[in-house]
Amino acid sequence: MTELLRALAAFAEEPGTGHEQLARSLQLPGTPDAAAFTEVFVFNLYPYASVYLGAEGQLGGEARDRVAGFFRAVGAVPPPEPDHLATLLVAYAQLGTDADADEAGPRGHAARTLLHEHLLPWLPLYLARITELASAPYAEWGLLLGRVLLSEACRFGEPPRLPLHLRAAPPPDLRTDDLDGFVDTLLAPARSGMVLTGSDLVRAARDLRLGLRIGERRFVLRALLSQQPPATLEWLAAHTVTTSRAWCSWAAALPGTAAWWTGRAEHTNVQLRELAKEAGAQPHDHTREPIVVPRP
Amino acid sequence: MSSHEPDLEALNARVSAARAETEARGETFYQGPSRVHLAMFPPKERWDDWVEYDSRAWPRKVEKRFMLVPTTCFNCEAACGLLAYVDRDSLQVRKFEGNPEAPGSRGRNCAKGPATINQVTDPDRILHPLKRAGERGGGRWERVSWDEVLDDLAARLRKALVEERRDEITYHVGRPGELGFTEDVLAAWGVDGHNSHTNVCSSGARAGFQFWCGQDRPSPDHANAEVILLISSHLEAGHYFNPHAQRIMEGKEKGAKLIVMDVRLSNTATHATHWLAPWPGSEAAICLAIANHLIATGAYNREFVRRWWNWEEYLRAEHPEREPSFEVFEEVLATLYAEYTFDFAAAESGVDADTLAAVAETVAGAGTRLSTHNWRSAAAGNEGGWQVARTLFLLNALLGAVAVPGGFYPNGWNLLSPKTPVNPDPPAVWNELHLPLEYPLAMYELSFLLPHLLAEGRGRIDTYFTRVYNPVWTNPDGFSWIEALTDEEKVGCHVALTPTWNETAYFADYVLPMGHASERHDIVSYEQYDGQWIGFRQPVLRAARERLGETVTDTRQTNPGEVWEENEFWIELSWRIDPDGALGIRRHFEAPDRPGEKMTVDDYYGWVFAHGVPGLPEAAAAEGLSPLAYMRRYGGFEVTKGVGEIHEEVVGDAELEDVAVSDLGRVYSRAPKPDVSYSTGAAPDPDDQGRRAAGVEIDGVVRRGFPTPSGKLEFYSSTLVDWGWAEYALPTYIRSHVHPDHLEEGEVPLISTFRLPVQIHTRSSNAKWLDELAHTNPLWIHPSHARRLDLATGDLVRVETHAGHYVVKAWVTEGIRPGVVACSHHMGRWKPHGETQGQRETGPRMQTSDVTLEHDANRWGLTGRSEHGAFRSADADTTRIWWSDIGVHQNMTFPVHPDPISGQHCWHQAVRIRKAEPTDAYGDVVADTEKMRAIYREWLAKTRSADLVSPSGERRPHWLKRPLRPQRQAWTLPTDPREPSGRP
């Protein structure tokens, strides 16, 4: 599966010359262009493990350090962005090539560690969101990569202990007086259990007929919450279902990891609904005109 | 998941097949950036037609099409790969970037590589052959044709050869940048005419390494080291800086600790785990304290020492009364360095003992993964500096960190030494102007003493070629060089081969324009990691036109103006020296497969790549290319990786014929030397029956060993003992000429050896981008020192050497050891008022001041500097020059300090620092050449001349390296040697 993984890894990079041939050999429906790449990877689903596994939900931090530590542990120099999806896939492909001959040896052990510690803890959810949000070539790419990883997960089985990233993730707590802290928690997948993209928030504004403030996700979310707190909280609670949907097909191969994510999402769901109730939530009137907030 | 469920195995096979098919065509399957391999280069199959948007057209997207043609940088010796972006419309080079196919540099460059474009487009460059009009040094020139030059020079050279004045032909080279083509030319002419710059550069370090292992420079494996110990600012400057720096950073990323000894807080020091700023010259004391710690604590690699040190030879020579066993040696070893305690080293160096102990523990923890490096720095600064490199290698030798991953590899093993089609016999003469009798152990020619040797009447030069060499500016005592070069009795004809004007070219008879990195052919191979590679420098516009189907027969056809390259020049000149072949010269320059026809550069390099580079013909054939076409296309080829422990190789039976074994285990054989691609070093002497030294017996097995007389690592040097320096038989500490005991009241050491990270001597000064980055050289002085002298940053300071003074600005900084001052030698370019540089008008030039060259008897001076600033030229950027301070030329005030053993000019100066006088002006340089000569004689008196000490009746130990090695009979001491001046 190593060549397949390498080829799939190339699609997490900006498209250029050569992608057409790669897409053809992977039997993808068309070749993605720069605009599609930007929409998926730059604006919505950042292809870095640290965003999904780190306590802050941001690039870098301890999550990235853990990935870098993996490279050091196998005697390699950590690349500049060790937790980038392409890096991880190519590294896994490379280790897999070496490990083929000696699956029980240290290289095989390293390959399984990379898979279980740094790929599988986040990619099922991430790829599910790709297939949901992206257009054809990337959606198909996400499906295909998901199948390859599922096949690898089935081949090795799930280790008894949860990956360190998940064990180290701080417990979710949305009950805070600090609005910034509240928003940060929601936007950190490892804490909220869900992936909330820019596109999701646009959809929320549309669904709730609220004014959409253009900006980065924190700004947009705060704007939504300030307009209709109960409705926005309800909408967010409903959004947690994306997580349980994503992990459905993985429950057999990765029962522990799937349960961790769905459990965290359910916890968020419950807390959001309680908060919405406390905020005096009323069923939202979808007939209302959206509030248009002028851009500064 | 979709209902469409592809067969993943089948899909994997399909992608694999697509990749194989693509790569079989020589194309790249995974193009564009790869986050794992850091490949961010245009795929090589698109180098014929690469498209980029024109940055100047932004925001419009205007496509520009390029041909990407590889060549090799010629700014420093690292020889990093470059890719020239040749505009397909105009066939002009637009920019240079890194060549990913270059094994040493791996696509990465420092600032000097891309700045090659500045040199190519430099408005001040020399485009036509010039001949002086009027007196030499008068600053007036006339344009002449290449034919006129060639005929004149050929006649002079032929006359000198016919009249057996072979010692009157000298080729003096700074940066060779090639693998011996020119040495072969000189050998073909039958002259011992090679003179290098080595003694102002690396002789000290070379000597330290040569006496140990028979190879004269390190090839450290920084990337795999646990501990990296640098006595230099090697991460930012210095030899092989870019290829090594990237590997040092790799090592650090993997957790290696970095120890840096440097008086200055250099950029390198800022990356260090331990930065030591020792008193200049005390570095060897520190190394010995570390060695003592390794010995005393038993942390050394006992088995390596037992097998590979020549301890038995040492015991027999120095302790004949004792049993020559390893246990006895260990007993003795435990006492040899006992006096080098941390306290002793702390007293010598000024670095506290606790820090030294921590550093020693760090070194001890490296095991065999200790990579070390010293090249210039302390080894080039101090009398006895060669012992710095020797004591540094002692640490590797104690830990067994030799030719193993993370350790020190002898350079020759990582250096490709290809066969060539030009194989003349070595010259049968020995030129005493280059290697005088007083310096039998010098690591290469005493080049910087040439003016003094000429002044003493030791010879004259009829025809003197300088190439990439600017001794008036680079060497110490530049005014003595001017005296020599302006005296036509001493130098009959001076020919400067140079792309750009320099201070030496002003005193030439001919100034001949030679190409920059993208305008010439050379092959290069350097020891930059444990592997061997070869790189190709080529005229990129010639290669581009050939790709378009044109035939180019002379590099001048595609170079700017009449700019040429040396190789074609030497071939043409050789034919004109010997037009009928009567002198036996011409035949060496005939095409290998077309006898009687003149060799072309395609003939030469085609032959080398087809016959001299293992694996290259096969790699080329796999892509359907000839070896030459492969190198023209890719510019580099890795011959092998992981050369490993050559010394441990078992010598096979085929190499052992009529064997004799000395009582110390040296194995001699009559079988011929095996054909290997690496450099074996200078061969140790045969036995008295003429058998070749083929190996050394270790525990009953004949192994390849090291190219030393003993075949082992020579902790004890019988060479030094036999040639009159028994006190230095072992690695030891020599107190420098700038040791506090040797300074007079009020004197401080001046450190002048360091480079500025983006500059490279005088070669880079015509690169405007580099000049904007670094253009001046203030005097580093510590605040405590500055306070005593009432100096602030920017104040003018007079720096007085023993033979002159210069005026410079102070830079008060805590980044230097108190009581020591430092000034980089890179700045202060000048031209005499009235020097036209071959143009109609004299006028401002890039990074150069006009000066008055004053001369009154022995007193010389550079005064009356013009202001530097913006000016109009063919390059609009010269109107944008915003800086006015271009530094001071300090080297002219330095007397020569030849180390009596290594021959290295010991650069550090004992100076007095004080506020400038009211009459002093910034940039003033004054020196007295009579004082210079007196100091030369003082240092000459330290030597032990070969005619007094030679144990063999020869001029020099035959096993020591030497460029252009003459035939053996030329090594014999003259029967009636000239009385060496200053001999004790």
# chains A, B, ... in the order shown; residues from 1 in each chain; ligands from 1
call {"tool": "select_by_dssp", "arguments": {"residues": "segment 673-822 of chain B", "states": "alpha helix (DSSP H)", "output": "list of chain:residue names"}}
result
B:Ser718, B:Thr719, B:Leu720, B:Val721, B:Asp722, B:Lys768, B:Trp769, B:Leu770, B:Asp771, B:Glu772, B:Leu773, B:Pro783, B:Ser784, B:His785, B:Ala786, B:Arg787, B:Arg788
call {"tool": "interface_residues", "arguments": {"of": "chain A", "to": "chain B", "cutoff": "6 Å", "atoms": "only C-alpha atoms", "output": "JSON, numbers by chain"}}
result
{"A": [1, 3, 4, 18, 25, 77, 87]}
call {"tool": "closest_residue", "arguments": {"among": "A:Ala49, A:Ala86, A:Ala110, A:Ala237", "to": "Ala73 of chain A", "atoms": "only C-alpha atoms"}}
result
A:Ala110
call {"tool": "residues_around", "arguments": {"residues": "segment 120-133 of chain B", "least_positions_apart": "5", "cutoff": "6 Å", "atoms": "only C-alpha atoms", "output": "ChimeraX atom specification"}}
result
/B:140-144,499-500,509-513,561-563,874
call {"tool": "write_last_selection", "arguments": {"atoms": "N, CA and C atoms", "output": "mmCIF file, in the first residue's frame"}}
result
data_model
loop_
_atom_site.group_PDB
_atom_site.id
_atom_site.type_symbol
_atom_site.label_atom_id
_atom_site.label_comp_id
_atom_site.auth_asym_id
_atom_site.auth_seq_id
_atom_site.Cartn_x
_atom_site.Cartn_y
_atom_site.Cartn_z
ATOM 1 N N ARG B 140 47.251 52.757 -16.752
ATOM 2 C CA ARG B 140 46.737 52.959 -18.117
ATOM 3 C C ARG B 140 46.846 51.648 -18.888
ATOM 4 N N TRP B 141 45.818 51.380 -19.681
ATOM 5 C CA TRP B 141 45.704 50.087 -20.348
ATOM 6 C C TRP B 141 45.273 50.248 -21.783
ATOM 7 N N GLU B 142 45.656 49.281 -22.607
ATOM 8 C CA GLU B 142 45.135 49.270 -23.970
ATOM 9 C C GLU B 142 44.585 47.880 -24.270
ATOM 10 N N ARG B 143 43.539 47.887 -25.070
ATOM 11 C CA ARG B 143 42.909 46.615 -25.434
ATOM 12 C C ARG B 143 43.766 45.908 -26.478
ATOM 13 N N VAL B 144 43.940 44.608 -26.272
ATOM 14 C CA VAL B 144 44.705 43.807 -27.232
ATOM 15 C C VAL B 144 43.896 42.562 -27.573
ATOM 16 N N PRO B 499 38.431 37.612 -13.456
ATOM 17 C CA PRO B 499 37.178 38.145 -14.003
ATOM 18 C C PRO B 499 36.981 39.615 -13.658
ATOM 19 N N THR B 500 37.558 40.030 -12.512
ATOM 20 C CA THR B 500 37.298 41.386 -12.027
ATOM 21 C C THR B 500 38.610 42.036 -11.600
ATOM 22 N N ASP B 509 51.115 43.198 -16.369
ATOM 23 C CA ASP B 509 51.387 43.603 -17.745
ATOM 24 C C ASP B 509 50.199 43.254 -18.637
ATOM 25 N N TYR B 510 49.615 42.114 -18.346
ATOM 26 C CA TYR B 510 48.394 41.716 -19.046
ATOM 27 C C TYR B 510 47.314 41.437 -18.008
ATOM 28 N N VAL B 511 46.124 41.896 -18.276
ATOM 29 C CA VAL B 511 44.961 41.522 -17.471
ATOM 30 C C VAL B 511 44.016 40.782 -18.411
ATOM 31 N N LEU B 512 43.822 39.509 -18.131
ATOM 32 C CA LEU B 512 43.090 38.655 -19.068
ATOM 33 C C LEU B 512 41.779 38.217 -18.439
ATOM 34 N N PRO B 513 40.671 38.529 -19.087
ATOM 35 C CA PRO B 513 39.362 38.273 -18.470
ATOM 36 C C PRO B 513 38.988 36.790 -18.512
ATOM 37 N N GLY B 561 31.530 39.722 -23.905
ATOM 38 C CA GLY B 561 32.757 40.326 -24.424
ATOM 39 C C GLY B 561 33.696 39.273 -24.977
ATOM 40 N N GLU B 562 34.934 39.341 -24.549
ATOM 41 C CA GLU B 562 35.918 38.335 -24.957
ATOM 42 C C GLU B 562 36.351 37.492 -23.761
ATOM 43 N N VAL B 563 35.463 37.378 -22.802
ATOM 44 C CA VAL B 563 35.785 36.599 -21.600
ATOM 45 C C VAL B 563 36.016 35.143 -21.989
ATOM 46 N N ALA B 874 26.398 51.561 -15.704
ATOM 47 C CA ALA B 874 25.483 50.784 -16.538
ATOM 48 C C ALA B 874 24.432 50.070 -15.697
#
call {"tool": "atom_distance", "arguments": {"atom1": "atom CA of Gly815 of chain B", "atom2": "atom CA of Thr391 of chain B"}}
result
26.3 Å
call {"tool": "select_by_dssp", "arguments": {"residues": "segment 462-609 of chain B", "states": "strand (DSSP E)", "output": "mmCIF file with N, CA and C atoms, in the first residue's frame"}}
result
data_model
loop_
_atom_site.group_PDB
_atom_site.id
_atom_site.type_symbol
_atom_site.label_atom_id
_atom_site.label_comp_id
_atom_site.auth_asym_id
_atom_site.auth_seq_id
_atom_site.Cartn_x
_atom_site.Cartn_y
_atom_site.Cartn_z
ATOM 1 N N ASP B 462 60.391 35.111 -14.724
ATOM 2 C CA ASP B 462 60.241 35.670 -16.060
ATOM 3 C C ASP B 462 58.767 35.912 -16.358
ATOM 4 N N THR B 463 57.952 34.867 -16.123
ATOM 5 C CA THR B 463 56.520 34.997 -16.418
ATOM 6 C C THR B 463 55.739 34.537 -15.191
ATOM 7 N N TYR B 464 54.931 35.425 -14.700
ATOM 8 C CA TYR B 464 54.232 35.195 -13.437
ATOM 9 C C TYR B 464 52.730 35.313 -13.683
ATOM 10 N N PHE B 465 52.051 34.160 -13.594
ATOM 11 C CA PHE B 465 50.598 34.147 -13.748
ATOM 12 C C PHE B 465 49.963 34.226 -12.355
ATOM 13 N N THR B 466 49.021 35.131 -12.160
ATOM 14 C CA THR B 466 48.200 35.075 -10.945
ATOM 15 C C THR B 466 46.778 34.742 -11.371
ATOM 16 N N ARG B 467 46.158 33.868 -10.619
ATOM 17 C CA ARG B 467 44.795 33.446 -10.977
ATOM 18 C C ARG B 467 43.948 33.304 -9.718
ATOM 19 N N VAL B 491 60.301 40.504 -11.595
ATOM 20 C CA VAL B 491 59.163 39.867 -12.272
ATOM 21 C C VAL B 491 59.109 40.416 -13.696
ATOM 22 N N GLY B 492 59.467 39.573 -14.644
ATOM 23 C CA GLY B 492 59.582 40.033 -16.022
ATOM 24 C C GLY B 492 58.256 40.373 -16.652
ATOM 25 N N CYS B 493 57.272 39.541 -16.417
ATOM 26 C CA CYS B 493 55.958 39.764 -17.013
ATOM 27 C C CYS B 493 54.903 39.186 -16.072
ATOM 28 N N HIS B 494 53.998 40.025 -15.677
ATOM 29 C CA HIS B 494 52.938 39.592 -14.761
ATOM 30 C C HIS B 494 51.622 39.513 -15.526
ATOM 31 N N VAL B 495 51.029 38.338 -15.517
ATOM 32 C CA VAL B 495 49.778 38.108 -16.228
ATOM 33 C C VAL B 495 48.694 37.807 -15.193
ATOM 34 N N ALA B 496 47.711 38.673 -15.097
ATOM 35 C CA ALA B 496 46.629 38.466 -14.126
ATOM 36 C C ALA B 496 45.428 37.848 -14.849
ATOM 37 N N LEU B 497 45.095 36.632 -14.469
ATOM 38 C CA LEU B 497 43.918 35.957 -15.031
ATOM 39 C C LEU B 497 42.783 36.188 -14.045
ATOM 40 N N THR B 498 41.840 37.028 -14.384
ATOM 41 C CA THR B 498 40.841 37.414 -13.386
ATOM 42 C C THR B 498 39.566 37.925 -14.046
ATOM 43 N N TYR B 510 49.615 42.114 -18.346
ATOM 44 C CA TYR B 510 48.394 41.716 -19.046
ATOM 45 C C TYR B 510 47.314 41.437 -18.008
ATOM 46 N N VAL B 511 46.124 41.896 -18.276
ATOM 47 C CA VAL B 511 44.961 41.522 -17.471
ATOM 48 C C VAL B 511 44.016 40.782 -18.411
ATOM 49 N N LEU B 512 43.822 39.509 -18.131
ATOM 50 C CA LEU B 512 43.090 38.655 -19.068
ATOM 51 C C LEU B 512 41.779 38.217 -18.439
ATOM 52 N N PRO B 513 40.671 38.529 -19.087
ATOM 53 C CA PRO B 513 39.362 38.273 -18.470
ATOM 54 C C PRO B 513 38.988 36.790 -18.512
ATOM 55 N N ASP B 522 35.131 23.418 -15.212
ATOM 56 C CA ASP B 522 36.002 22.818 -14.193
ATOM 57 C C ASP B 522 35.284 21.590 -13.668
ATOM 58 N N ILE B 523 36.038 20.670 -13.115
ATOM 59 C CA ILE B 523 35.411 19.630 -12.305
ATOM 60 C C ILE B 523 35.872 19.796 -10.870
ATOM 61 N N VAL B 524 34.996 19.446 -9.966
ATOM 62 C CA VAL B 524 35.285 19.620 -8.545
ATOM 63 C C VAL B 524 34.828 18.379 -7.787
ATOM 64 N N GLY B 531 31.145 10.275 1.675
ATOM 65 C CA GLY B 531 30.760 9.849 0.341
ATOM 66 C C GLY B 531 31.693 10.529 -0.643
ATOM 67 N N GLN B 532 31.567 10.138 -1.901
ATOM 68 C CA GLN B 532 32.376 10.790 -2.933
ATOM 69 C C GLN B 532 31.447 11.301 -4.022
ATOM 70 N N TRP B 533 31.726 12.490 -4.499
ATOM 71 C CA TRP B 533 30.901 13.044 -5.568
ATOM 72 C C TRP B 533 31.772 13.868 -6.490
ATOM 73 N N ILE B 534 31.212 14.128 -7.652
ATOM 74 C CA ILE B 534 31.903 15.017 -8.589
ATOM 75 C C ILE B 534 30.908 16.046 -9.089
ATOM 76 N N GLY B 535 31.383 17.275 -9.221
ATOM 77 C CA GLY B 535 30.540 18.348 -9.736
ATOM 78 C C GLY B 535 31.163 18.936 -10.988
ATOM 79 N N PHE B 536 30.338 19.524 -11.803
ATOM 80 C CA PHE B 536 30.787 20.070 -13.082
ATOM 81 C C PHE B 536 30.450 21.553 -13.109
ATOM 82 N N ARG B 537 31.452 22.351 -13.378
ATOM 83 C CA ARG B 537 31.208 23.775 -13.624
ATOM 84 C C ARG B 537 31.239 23.952 -15.140
ATOM 85 N N GLU B 590 46.622 16.913 -27.211
ATOM 86 C CA GLU B 590 45.971 16.416 -28.420
ATOM 87 C C GLU B 590 44.758 15.592 -27.994
ATOM 88 N N ALA B 591 43.755 15.580 -28.857
ATOM 89 C CA ALA B 591 42.524 14.851 -28.527
ATOM 90 C C ALA B 591 42.855 13.375 -28.298
ATOM 91 N N ARG B 594 41.948 11.493 -31.365
ATOM 92 C CA ARG B 594 42.313 12.073 -32.662
ATOM 93 C C ARG B 594 43.732 12.620 -32.566
ATOM 94 N N PRO B 595 44.707 11.729 -32.545
ATOM 95 C CA PRO B 595 46.098 12.182 -32.389
ATOM 96 C C PRO B 595 46.444 13.236 -33.433
ATOM 97 N N GLY B 596 47.151 14.251 -32.998
ATOM 98 C CA GLY B 596 47.543 15.316 -33.911
ATOM 99 C C GLY B 596 46.560 16.470 -33.949
ATOM 100 N N GLU B 597 45.344 16.237 -33.430
ATOM 101 C CA GLU B 597 44.366 17.327 -33.388
ATOM 102 C C GLU B 597 44.309 17.931 -31.993
ATOM 103 N N LYS B 598 44.022 19.200 -31.946
ATOM 104 C CA LYS B 598 43.986 19.883 -30.657
ATOM 105 C C LYS B 598 42.837 19.368 -29.800
#
call {"tool": "closest_residue", "arguments": {"among": "B:Val639, B:Leu960, B:Leu157, B:Leu370", "to": "Leu441 of chain B", "atoms": "only C-alpha atoms"}}
result
B:Leu960
call {"tool": "residues_around", "arguments": {"residues": "Glu14 of chain A", "least_positions_apart": "6", "cutoff": "10 Å", "atoms": "only C-alpha atoms", "output": "list in words"}}
result
Pro32, Asp33, Ala34, Ala35, Ala36, Phe37, Thr38, Phe41 and Val42 of chain A; Gly32 and Pro33 of chain B
call {"tool": "write_last_selection", "arguments": {"atoms": "C-alpha atoms", "output": "PDB file, in the first residue's frame"}}
result
ATOM      1  CA  PRO A  32      -8.137  19.544  -8.190  1.00  0.00           C
ATOM      2  CA  ASP A  33      -7.152  23.115  -8.895  1.00  0.00           C
ATOM      3  CA  ALA A  34      -5.557  25.719  -6.675  1.00  0.00           C
ATOM      4  CA  ALA A  35      -8.897  27.267  -5.747  1.00  0.00           C
ATOM      5  CA  ALA A  36     -10.306  23.953  -4.565  1.00  0.00           C
ATOM      6  CA  PHE A  37      -7.145  23.273  -2.585  1.00  0.00           C
ATOM      7  CA  THR A  38      -7.345  26.660  -0.919  1.00  0.00           C
ATOM      8  CA  PHE A  41      -6.987  23.032   3.149  1.00  0.00           C
ATOM      9  CA  VAL A  42      -6.386  26.732   3.690  1.00  0.00           C
TER      10      VAL A  42
ATOM     11  CA  GLY B  32       6.631  19.802  -6.541  1.00  0.00           C
ATOM     12  CA  PRO B  33       7.311  20.061  -2.857  1.00  0.00           C
TER      13      PRO B  33
END
call {"tool": "atom_distance", "arguments": {"atom1": "atom CA of Pro218 of chain B", "atom2": "atom CA of His373 of chain B"}}
result
6.5 Å
